[in-house]
Amino acid sequence: MNRDLSVTGVLSRKNAIMRTSVGIDYSQYETGTIGFDYERLMRDTGYDLSAIRAIQSAYGVGNTPLKELRHLTALARKVAAPGKGARIFIKDEALNDSGSFKARRASISCYHAKKMGFPGVITATSGNYGAAVASQTAKHGLPCIVVQECYDSRGIGQPEIIEKARACEAYGAEVVQLSVGPELFYHFLTLLEETGYFNASLYTPFGVQGIETLGAELIEDCLKQTGRLPDRVVVTNAGGGNLTGTARGIRQTTNQRIEIVGASVNLKGLHMASDKDFNRKSFTTGHTGFGMPFMTNPDRSDVPRSAARPLRYIDRYVTVNQGEVFFITQALTVLEGIERGPAGNVSLAAGFALAQEMDQDQILIVQETEYTGAGKHHQAQLAFARENGIDIRFGDPVEEVPGISIVLPESVGKIRTVDLDLEAIRRSAIKNAVKDHRRIQASDVTYLMEETNSSREFVTRVLRDLSVEWEE
Amino acid sequence: MIPKGTWVQIRSILLRPEERTGNLPEETKKVPLEMWIKGTLLDASELGEKVRIRTVTGREVTGTLCAVEPAFRHDYGAYVPEIQKITQIVKATLGEEQP
């Protein structure tokens, strides 16, 4: 068969390739002019929380310990106002097989691929998810291909991504490494077509439902250990799946309202498709370069309708700087005796600052850690940054300029979060959802309220500002 | 001559600069989209030659032979004195004496 392998040729077959490789006909969920039935899409997988628990328990995933960070709590109280400084707990997700919470996502995708009879699994990721899919496919005896954005045009690879390639190869996967650029998606499509493998996208319902157990467990663990519910859960946010899945799991486990805070590393000013900026950042995920665009436009993902929709669940969105995350990673190591990867500690840096706003009898849960090792360690990342000309110094982290400097807090009290404007993000999300439509239906207004977790008044005000009409 | 069956890495150009698409910054637009992949060499060849390999999933891929028995050499990098300073800051804040 002679297929047109040009970029336009391949992209013109995108919908058909996706439908075959994910096994979901997304068109059946479309409603109104712009909406779709998100809950039905999630329900139709056939995996509920108890089914997911059973699969994960059989495949080395989940039931990670929730650990109280007594020394970090004490440290926060040293610099907090009198009476402030919530108890900080961390869900030690590094203890999943393959070393991160991503194993939860991969476990359902790979189980499903096996059940549906796919001949193998492909995923496009430079992060822990690659190792997670490689590990889970190893358990199922399925071939696996991981496509990474790894090198700049000099052939220099980000150490963290090189380490992930090593892990994937160790689990028996084929690793396809590309230079910088969004056309990775084009090559990914050609591989899906060539192999007929399952697309273990992070954004399918399987990839998000797998995290619901994390939300459920942290509620159950917290109740068991402290006799009460957490007041606040802090989640690292990039593509939005982690936050979405965790929040959904929490909601299925308790009716009490728990505040969900998203946290990203501030990489403002760095272009995610820049060959030059690629190796000038110390975080390859968990940053605003993914967090912002995916929150305001979740369907920019590699499936027609992303199951990761963080704006439906997020109560507050904060950023921290690279220097603060490296600092807290070392503090975790030396005070708690827990050595973990820096990328997983974005939410810890944020949680450390946010705990200081809360009363001492309150509870804050940081919901993940990730494994560490050569390449993906604060020592390795700081050394690599310095080699690439980044100015590393102590000072006030607000002075950090991504790609130019990494400013480590000169004192513990200098670790602070910056709040992002969620109302502006909601406006932007509505604008992206409406696209070029000048008139939408009544069901679309309800859809936008759910999408942005906001009132009818807010949605219709934004629609009016956009000169979009709607049916009453 | 590198023998057939050797574990190697190849490099190839997927898109030349003029074929690149999308919203790309200038520095990315002017370089090609490249791919690196590993497998076993299907014909005895020399470094720099165009070769065929078989990957671990059984796919046959062609490209320029760029490494023989490629190894992972990523590490923990050079000494970073700031890390010890962080330890000192957090211990001092907790009022712990440093030996």
# chains A, B, ... in the order shown; residues from 1 in each chain; ligands from 1
$ interface_residues --of "chain B" --to "chain A" --cutoff "6 Å" --atoms "only C-alpha atoms" --output "ChimeraX atom specification"
/B:25,28,33-37,56-57,74-78,94
$ write_last_selection --atoms "N, CA and C atoms" --output "tab-separated table (two decimals), in the first residue's frame"
chain	number	residue	atom	x	y	z
B	25	PRO	N	9.63	28.88	16.14
B	25	PRO	CA	10.55	30.02	16.23
B	25	PRO	C	11.66	29.88	15.17
B	28	THR	N	14.38	27.15	15.24
B	28	THR	CA	13.94	25.77	14.99
B	28	THR	C	13.65	25.58	13.50
B	33	LEU	N	14.23	18.48	11.22
B	33	LEU	CA	13.70	17.60	12.28
B	33	LEU	C	14.42	16.27	12.12
B	34	GLU	N	15.18	15.89	13.14
B	34	GLU	CA	16.00	14.70	13.05
B	34	GLU	C	15.50	13.60	13.98
B	35	MET	N	15.92	12.38	13.64
B	35	MET	CA	15.53	11.21	14.44
B	35	MET	C	16.75	10.34	14.74
B	36	TRP	N	16.82	9.83	15.96
B	36	TRP	CA	17.85	8.87	16.35
B	36	TRP	C	17.13	7.58	16.79
B	37	ILE	N	17.66	6.46	16.38
B	37	ILE	CA	17.01	5.20	16.76
B	37	ILE	C	18.06	4.08	16.78
B	56	VAL	N	14.07	-3.26	18.19
B	56	VAL	CA	13.60	-4.33	19.09
B	56	VAL	C	12.14	-4.71	18.87
B	57	THR	N	11.36	-3.84	18.22
B	57	THR	CA	9.98	-4.24	17.93
B	57	THR	C	9.90	-4.93	16.56
B	74	HIS	N	25.02	9.40	30.80
B	74	HIS	CA	24.53	10.52	31.61
B	74	HIS	C	24.86	10.22	33.07
B	75	ASP	N	25.06	11.30	33.84
B	75	ASP	CA	25.55	11.12	35.21
B	75	ASP	C	24.93	12.16	36.15
B	76	TYR	N	25.61	12.45	37.24
B	76	TYR	CA	25.11	13.43	38.19
B	76	TYR	C	25.77	14.79	38.01
B	77	GLY	N	26.60	14.91	36.95
B	77	GLY	CA	27.19	16.20	36.63
B	77	GLY	C	28.28	16.64	37.57
B	78	ALA	N	28.80	17.83	37.30
B	78	ALA	CA	29.88	18.39	38.11
B	78	ALA	C	29.38	18.74	39.52
B	94	LEU	N	16.23	25.50	61.32
B	94	LEU	CA	15.62	24.63	62.34
B	94	LEU	C	16.36	24.73	63.67
$ residues_around --residues "Val146 (chain A)" --least-positions-apart "6" --cutoff "6 Å" --atoms "only C-alpha atoms" --output "PyMOL selection string"
chain A and resi 122-124+130+175
$ select_by_dssp --residues "chain B" --states "helix (DSSP H, G or I)" --output "CSV table (one decimal) with N, CA and C atoms, in the first residue's frame"
chain,number,residue,atom,x,y,z
B,17,PRO,N,14.6,21.6,6.6
B,17,PRO,CA,14.1,22.9,7.1
B,17,PRO,C,12.9,23.5,6.3
B,18,GLU,N,13.0,23.3,4.9
B,18,GLU,CA,11.9,23.9,4.1
B,18,GLU,C,10.7,23.1,4.2
B,19,GLU,N,10.7,21.9,4.7
B,19,GLU,CA,9.5,21.0,4.9
B,19,GLU,C,8.9,21.2,6.3
B,26,GLU,N,12.3,31.0,14.8
B,26,GLU,CA,13.3,31.0,13.7
B,26,GLU,C,14.4,30.0,13.9
B,27,GLU,N,14.9,29.9,15.1
B,27,GLU,CA,16.0,28.9,15.4
B,27,GLU,C,15.7,27.5,15.1
B,28,THR,N,14.4,27.1,15.2
B,28,THR,CA,13.9,25.8,15.0
B,28,THR,C,13.6,25.6,13.5
B,29,LYS,N,13.1,26.6,12.9
B,29,LYS,CA,12.8,26.6,11.5
B,29,LYS,C,14.0,26.3,10.6
B,81,PRO,N,28.3,23.3,44.5
B,81,PRO,CA,28.4,23.7,45.9
B,81,PRO,C,27.2,24.2,46.6
B,82,GLU,N,26.3,24.8,45.8
B,82,GLU,CA,25.0,25.3,46.3
B,82,GLU,C,24.2,24.3,47.1
B,83,ILE,N,24.3,23.0,46.7
B,83,ILE,CA,23.5,22.0,47.3
B,83,ILE,C,23.9,21.9,48.8
B,84,GLN,N,25.2,22.0,49.1
B,84,GLN,CA,25.6,21.9,50.5
B,84,GLN,C,25.1,23.2,51.3
B,85,LYS,N,25.1,24.3,50.6
B,85,LYS,CA,24.7,25.5,51.2
B,85,LYS,C,23.2,25.4,51.6
B,86,ILE,N,22.4,24.8,50.7
B,86,ILE,CA,21.0,24.6,51.0
B,86,ILE,C,20.8,23.8,52.3
B,87,THR,N,21.6,22.7,52.4
B,87,THR,CA,21.6,21.9,53.7
B,87,THR,C,21.9,22.8,54.9
B,88,GLN,N,22.9,23.7,54.8
B,88,GLN,CA,23.2,24.5,55.9
B,88,GLN,C,22.1,25.5,56.2
B,89,ILE,N,21.5,26.0,55.2
B,89,ILE,CA,20.4,27.0,55.4
B,89,ILE,C,19.2,26.3,56.1
B,90,VAL,N,18.8,25.1,55.7
B,90,VAL,CA,17.6,24.5,56.3
B,90,VAL,C,17.9,24.1,57.7
B,91,LYS,N,19.1,23.6,57.9
B,91,LYS,CA,19.5,23.1,59.3
B,91,LYS,C,19.6,24.3,60.3
B,92,ALA,N,20.2,25.4,59.8
B,92,ALA,CA,20.3,26.6,60.6
B,92,ALA,C,18.9,27.1,61.0
B,93,THR,N,18.0,27.1,60.0
B,93,THR,CA,16.7,27.6,60.2
B,93,THR,C,16.0,26.8,61.3
$ residues_around --residues "Glu220 (chain A)" --least-positions-apart "6" --cutoff "10 Å" --atoms "only C-alpha atoms" --output "number ranges by chain"
A: 66, 214, 227-229, 250, 253-254
$ select_by_dssp --residues "chain B" --states "strand (DSSP E)" --output "ChimeraX atom specification"
/B:7-15,33-41,50-54,60-68
$ closest_residue --among "A:Asp436, A:Asp48, A:Glu324, A:Asp361" --to "Ile88 (chain A)" --atoms "only C-alpha atoms"
A:Asp361
